[in-house]
Amino acid sequence: MTETLCDLVGVEKSFGDNRVLKGLNLSLPAGAVTVLMGANGAGKSTLVKILSGVHALDSGSVTLVGKPFRPSNPAEAIRAGVVTVHQNINDGVIPDLDVASNLLIDRMAEPGYGFVLKRRQNNAEAERIASQMGLALNVRQPVSELGIADRQLIAIARAMAHNPQLLILDEPTSSLSASEAERLFALVERLSAKGVAVLYISHRMSDIRRIADRIVSMRDGEISGVFEGETLDYEGAVNAMLGHQMTDADIRIGERGKQVLDVSALKLLPRSRPLDLKLAENEVVAVTGLLGSGKTALAQCLFGLGQPESGSMKLDGTHYAPSSPKAAIARGVFMSPKDRANNAVIADFNLTRNITLPFLSRYSRLSFVNRRKERETADTMIRDLSVVCQGEADGINTLSGGNQQKIMLARWLAEECRLLLLDEPFQGVDIRARRDIGRKIRETAANRATLVFVSELDEALEVADRIVVMTEHSITAEFINQNVDLNEILTAVTGSAPEQAGQPEEAAFA
Amino acid sequence: MSIHPDQTQPDASAASRPARPAPRSSSAIDLAIRYGFLALLLGLVIFFSVFANGFAGPRSAVFIFQSVAITGILALGVTCTLVVGGFDLSIGSVATSSMMLSAYMMVVLEQSAFVAIIACLAMGAFIGLINGLLIVKTKIPDLLATLGMMFLLVGLQRIPTEGRSIAVGMTLPDGSTAEGAFSPLFLSLGRHRFDFMLENLLPAPVIFLIVIGILVWGFLELTRHGRLMYAIGSNERAASLTGTNVNNYKIMAYMISGVLASVGGMLLAARLGRGDIASGTNLLLDAVAAALIGFAVLGAAKPNAFGTAMGALFVGILLQGLTMMNAPYYTQDFIKGFVLVLALIFTFSLSARKAGSH
């Protein structure tokens, strides 16, 4: 293989107590597309931010073409030849400006550009850049009139105008259709052939099969597997990413109780296959699948945040079609959403107030909140879940991620429910808190059905009686969590078909 | 992060609780954040009592209360919109519209005080409803929606009288003379003085301020509705995912703001005894300043009723004291602005430093 262009040795990065990168070693060869896979929280974005100059590393070293590389800001990284296209396209382009300005914006920001806008010169230069990249665009058109694919390609074209040596693409196809993605792949291949090292971050197996020269899997802040050669071991890569250091998951599958939820012929998207799902009391079911497999859409359907295309749901034998979270909660369906910082935590509130938020009316008479009663509940929940804190009056943000997550769980465990939905309950949670949370979920599961949405297989194996695999917004496999063959699950998760046009991703509810 | 590591505050109950890796931030800053503003307020009172002749005394105190009563009531309304993460720029013009409407009802339409009051309250609630709907339904940003409403009302209140103030016996646009008059009951809302310690000490608007202040405080701090409004202001999405009807609460906040502004306007009309188109120009800025200064009180770093009342009082005391020390009237706005900027620095930099420990 060709020479190494970028070499990372023993890279460490911590945020407070949280060690995100734990001595990571990675080398990126020139002229090859290296796909980086990793579940949420594995440290991918931190790695990207270190390479692109957003964060400084704590220890370790990065060498770029034989020279030490330690950018102190993004502009420095770009000048050194490391160019990053971030996941959110709208961070990459300015919709109100025209294509030419977007292509040249960083050049205009440089001190030597001068005071006056040189429009004619800009347009000529922009046309040159666009044609080099094979972009057939009118450079005077405002970007707001262009589609997402074109915006993405503009962001990449601007990156390429710096003649990068290392190009980092973070989930570049997440909002592209198949034909748009194909244009991007052609471009990436062209660059790679010119000797650019490409670090391509993606979860989509179809992309990875199409573009990868080698695959690097990341897990818990470390590289957990490097796959290269003539034929790539895709399943091995996913396995390395999701991991299965089979913890002492002694799941004792209990008696299934009364049926709670009956979902039949539910279509999440117009073109997705209908899915069926039955859940009973005293049963914990994990739903797993890669990013964009429809886990979130299913959770949102069940919690009244989105409506299915067709199909029916029954809760305790009666029709169930919640129009809002309020309606779902009224029927006894609770959800602890993923991404707690944005969707769950009330930063201004203390622990008690965070816990009692959904059921405040139970703590109040004539609308007046009985503070003693809610403190008692909070104290009980904090003790039950062994939350590490000074007391119930602590601000929620003084707690570690794992303990915050416990509080979010406590919020919904404080009242009886029929169906508990937990979307990524182990996100950003350390291993001990994860065990505590998993144990608590199982302990309390007797009188309700529990559905846990996780992307890491480990987590599914630790918590569930049954594991349901989703791909392409439908359920494609189901396993009883007893002597389960991990490879079978992995095959199901990666899906056998590498293809299909127009991934339904863009239609997934926000 | 501890800046004064030698001053760690021993928490009496900490020993029995599990230890945490990061200790609480140092007590000096905590104390400054919590009590700094109240200490300043106290210092101000002592300073003026010593140096301004006649400052210390019930008459002067009441005068201060009276001067802040109407802005205080408006500020309590705007506090409610700040709590849900919004803002209401229309309160000043709602108040002046209410002043004009009450005068128009009684002087021109010859209605009773009761009808005039109901009309004003209904108008305040209605404008709040429209503001709320503009914000939650048409998704106009709160500042812009209420700014638009402000302009609209400033213009609207002048149309019925063709831009003239309303006074008893005024000449109407059609040439006739207005026959009605302010009812004595209505005027007493703004002018009556209750006996308290001294004869004729407490003016009615001060009573209104205190009662409304206690009601708003109780609503925000003690009821679940207030709690949910704070939740919305802190994380709207999380609040809606716990089943809170975010839109209803936001609309309600603007309606409270509108109603309180209309109360303020009526008190103004009652005090002046006329619908004066030139009055009330300062109401918006003064009320907003009081609510924002309130952020700094007790280190709340968020809108709160007690802080708002203290903020209004602070401005009142400062202006009264300076006036008694013969500071010229035209320096007043400068002083108010200076205090506001100081309070904002206090709130945002010190509290951010405190929160920055995480």
# chains A, B, ... in the order shown; residues from 1 in each chain; ligands from 1
>>> closest_atom_pairs(of="chain B", to="chain A", cutoff="6 Å", atoms="only C-alpha atoms", output="Markdown table")
| residue | atom | partner | partner_atom | distance |
| --- | --- | --- | --- | --- |
| B:Arg17 | CA | A:Gln390 | CA | 5.8 |
| B:Leu222 | CA | A:Phe368 | CA | 5.5 |
| B:Thr223 | CA | A:Phe368 | CA | 4.1 |
| B:Arg224 | CA | A:Ser367 | CA | 5.5 |
| B:Ser234 | CA | A:Ile346 | CA | 5.9 |
| B:Asn235 | CA | A:Ile346 | CA | 5.6 |
| B:Arg237 | CA | A:Asn343 | CA | 5.6 |
| B:Ala238 | CA | A:Ala344 | CA | 4.4 |
| B:Leu241 | CA | A:Pro325 | CA | 6.0 |
| B:Thr242 | CA | A:Pro358 | CA | 4.9 |
| B:Gly243 | CA | A:Lys326 | CA | 4.0 |
>>> write_last_selection(atoms="N, CA and C atoms", output="mmCIF file, in the first residue's frame")
data_model
loop_
_atom_site.group_PDB
_atom_site.id
_atom_site.type_symbol
_atom_site.label_atom_id
_atom_site.label_comp_id
_atom_site.auth_asym_id
_atom_site.auth_seq_id
_atom_site.Cartn_x
_atom_site.Cartn_y
_atom_site.Cartn_z
ATOM 1 N N ARG B 17 -23.617 12.501 53.242
ATOM 2 C CA ARG B 17 -23.945 12.216 51.850
ATOM 3 C C ARG B 17 -22.728 11.724 51.098
ATOM 4 N N LEU B 222 -45.192 28.666 43.479
ATOM 5 C CA LEU B 222 -45.872 27.650 44.278
ATOM 6 C C LEU B 222 -46.775 26.730 43.465
ATOM 7 N N THR B 223 -47.216 27.150 42.301
ATOM 8 C CA THR B 223 -48.161 26.296 41.581
ATOM 9 C C THR B 223 -47.435 25.490 40.514
ATOM 10 N N ARG B 224 -48.088 24.423 40.095
ATOM 11 C CA ARG B 224 -47.464 23.592 39.069
ATOM 12 C C ARG B 224 -47.426 24.314 37.723
ATOM 13 N N SER B 234 -36.691 26.901 30.201
ATOM 14 C CA SER B 234 -35.366 26.293 30.274
ATOM 15 C C SER B 234 -35.119 25.330 29.125
ATOM 16 N N ASN B 235 -36.077 24.496 28.813
ATOM 17 C CA ASN B 235 -35.923 23.535 27.713
ATOM 18 C C ASN B 235 -37.301 23.187 27.173
ATOM 19 N N ARG B 237 -38.318 21.861 24.424
ATOM 20 C CA ARG B 237 -38.520 20.549 23.822
ATOM 21 C C ARG B 237 -38.707 19.474 24.902
ATOM 22 N N ALA B 238 -37.862 19.545 25.922
ATOM 23 C CA ALA B 238 -37.988 18.571 27.003
ATOM 24 C C ALA B 238 -39.341 18.709 27.684
ATOM 25 N N LEU B 241 -41.941 17.063 25.650
ATOM 26 C CA LEU B 241 -41.822 15.608 25.674
ATOM 27 C C LEU B 241 -42.259 15.004 27.009
ATOM 28 N N THR B 242 -42.479 15.846 28.011
ATOM 29 C CA THR B 242 -43.055 15.304 29.232
ATOM 30 C C THR B 242 -44.558 15.552 29.272
ATOM 31 N N GLY B 243 -45.124 15.923 28.123
ATOM 32 C CA GLY B 243 -46.568 16.052 28.027
ATOM 33 C C GLY B 243 -47.105 17.426 28.367
#
>>> select_by_dssp(residues="segment 340-442 of chain A", states="helix (DSSP H, G or I)", output="VMD selection string")
chain A and resid 340 to 343 351 to 363 371 to 384 396 to 398 401 to 413 431 to 442
>>> residues_around(residues="Val94 of chain B", least_positions_apart="5", cutoff="7 Å", atoms="only C-alpha atoms", output="PyMOL selection string")
chain B and resi 124+153+258+261-262
>>> residues_around(residues="Val107 of chain B", least_positions_apart="4", cutoff="8 Å", atoms="only C-alpha atoms", output="list of chain:residue names")
B:Ala103, B:Gln111, B:Ile166, B:Ala167, B:Val168, B:Gly169, B:Ala178, B:Glu179, B:Gly180, B:Ala181, B:Phe182
>>> write_last_selection(atoms="N, CA and C atoms", output="mmCIF file, in the first residue's frame")
data_model
loop_
_atom_site.group_PDB
_atom_site.id
_atom_site.type_symbol
_atom_site.label_atom_id
_atom_site.label_comp_id
_atom_site.auth_asym_id
_atom_site.auth_seq_id
_atom_site.Cartn_x
_atom_site.Cartn_y
_atom_site.Cartn_z
ATOM 1 N N ALA B 103 -60.586 56.004 29.674
ATOM 2 C CA ALA B 103 -61.054 57.393 29.583
ATOM 3 C C ALA B 103 -62.167 57.525 28.539
ATOM 4 N N GLN B 111 -69.977 55.492 30.173
ATOM 5 C CA GLN B 111 -70.206 54.206 30.832
ATOM 6 C C GLN B 111 -69.774 54.289 32.292
ATOM 7 N N ILE B 166 -57.849 62.670 26.080
ATOM 8 C CA ILE B 166 -59.243 62.655 26.510
ATOM 9 C C ILE B 166 -59.351 63.276 27.895
ATOM 10 N N ALA B 167 -60.153 64.330 27.984
ATOM 11 C CA ALA B 167 -60.372 64.940 29.306
ATOM 12 C C ALA B 167 -61.851 65.288 29.411
ATOM 13 N N VAL B 168 -62.295 65.462 30.616
ATOM 14 C CA VAL B 168 -63.712 65.798 30.839
ATOM 15 C C VAL B 168 -64.028 67.105 30.116
ATOM 16 N N GLY B 169 -65.130 67.108 29.378
ATOM 17 C CA GLY B 169 -65.566 68.315 28.678
ATOM 18 C C GLY B 169 -64.806 68.607 27.405
ATOM 19 N N ALA B 178 -67.904 66.306 24.987
ATOM 20 C CA ALA B 178 -68.070 65.057 25.720
ATOM 21 C C ALA B 178 -68.839 65.321 26.994
ATOM 22 N N GLU B 179 -69.861 64.491 27.221
ATOM 23 C CA GLU B 179 -70.749 64.734 28.359
ATOM 24 C C GLU B 179 -70.334 63.971 29.598
ATOM 25 N N GLY B 180 -69.596 62.856 29.408
ATOM 26 C CA GLY B 180 -69.306 61.954 30.521
ATOM 27 C C GLY B 180 -68.215 62.492 31.428
ATOM 28 N N ALA B 181 -67.990 61.750 32.511
ATOM 29 C CA ALA B 181 -66.935 62.121 33.440
ATOM 30 C C ALA B 181 -66.357 60.849 34.049
ATOM 31 N N PHE B 182 -65.151 60.986 34.584
ATOM 32 C CA PHE B 182 -64.568 59.861 35.306
ATOM 33 C C PHE B 182 -65.382 59.620 36.559
#
>>> residues_around(residues="segment 250-259 of chain A", least_positions_apart="2", cutoff="9 Å", atoms="only C-alpha atoms", output="list in words")
Thr247, Asp248, Leu261, Asp262, Lys278, Leu279, Ala280, Glu281, Asn282, Glu283, Leu315, Asp316, Gly317, Ala446, Asn447, Arg448, Ala449, Leu461, Glu462, Val463, Ala464, Asp465, Arg466, Ile480, Asn481 and Gln482 of chain A
>>> closest_residue(among="B:Leu187, B:Ala95, B:Ala204, B:Leu89", to="Phe151 of chain B", atoms="only C-alpha atoms")
B:Leu89
>>> residues_around(residues="Leu285 of chain B", least_positions_apart="2", cutoff="10 Å", atoms="only C-alpha atoms", output="PyMOL selection string")
chain B and resi 71+75+89+91-92+281-283+287-291+333+336-337
>>> residues_around(residues="Thr491 of chain A", least_positions_apart="5", cutoff="10 Å", atoms="only C-alpha atoms", output="ChimeraX atom specification")
/A:234-236,238-239,477,486,496
>>> write_last_selection(atoms="C-alpha atoms", output="short mmCIF file (atom, residue, chain, number, x, y, z; two decimals), in the first residue's frame")
data_model
loop_
_atom_site.label_atom_id
_atom_site.label_comp_id
_atom_site.auth_asym_id
_atom_site.auth_seq_id
_atom_site.Cartn_x
_atom_site.Cartn_y
_atom_site.Cartn_z
CA TYR A 234 -17.95 -5.85 6.75
CA GLU A 235 -19.52 -7.93 9.47
CA GLY A 236 -16.26 -8.06 11.33
CA VAL A 238 -19.62 -3.86 12.55
CA ASN A 239 -18.84 -6.41 15.21
CA ALA A 477 -35.22 -10.26 12.57
CA LEU A 486 -24.03 -13.01 17.84
CA SER A 496 -27.77 -8.58 3.42
#
>>> atom_distance(atom1="atom CA of Ala116 of chain B", atom2="atom CA of Leu268 of chain B")
13.8 Å
>>> closest_atom_pairs(of="segment 34-103 of chain B", to="segment 141-145 of chain B", cutoff="10 Å", atoms="only C-alpha atoms", output="JSON lines")
{"residue": "B:Thr81", "atom": "CA", "partner": "B:Asp142", "partner_atom": "CA", "distance": 9.5}
{"residue": "B:Gly85", "atom": "CA", "partner": "B:Asp142", "partner_atom": "CA", "distance": 9.1}
{"residue": "B:Gly86", "atom": "CA", "partner": "B:Asp142", "partner_atom": "CA", "distance": 5.9}
{"residue": "B:Phe87", "atom": "CA", "partner": "B:Asp142", "partner_atom": "CA", "distance": 5.9}
{"residue": "B:Asp88", "atom": "CA", "partner": "B:Leu143", "partner_atom": "CA", "distance": 6.8}
{"residue": "B:Leu89", "atom": "CA", "partner": "B:Leu143", "partner_atom": "CA", "distance": 6.6}
{"residue": "B:Ser90", "atom": "CA", "partner": "B:Ala145", "partner_atom": "CA", "distance": 8.9}
>>> write_last_selection(atoms="C-alpha atoms", output="PDB file, in the first residue's frame")
ATOM      1  CA  THR B  81     -43.333  36.137  29.443  1.00  0.00           C
ATOM      2  CA  GLY B  85     -38.496  32.185  27.291  1.00  0.00           C
ATOM      3  CA  GLY B  86     -40.415  34.941  25.541  1.00  0.00           C
ATOM      4  CA  PHE B  87     -40.531  38.714  25.682  1.00  0.00           C
ATOM      5  CA  ASP B  88     -43.341  41.234  25.509  1.00  0.00           C
ATOM      6  CA  LEU B  89     -42.469  44.598  23.997  1.00  0.00           C
ATOM      7  CA  SER B  90     -46.087  45.606  23.710  1.00  0.00           C
TER       8      SER B  90
END
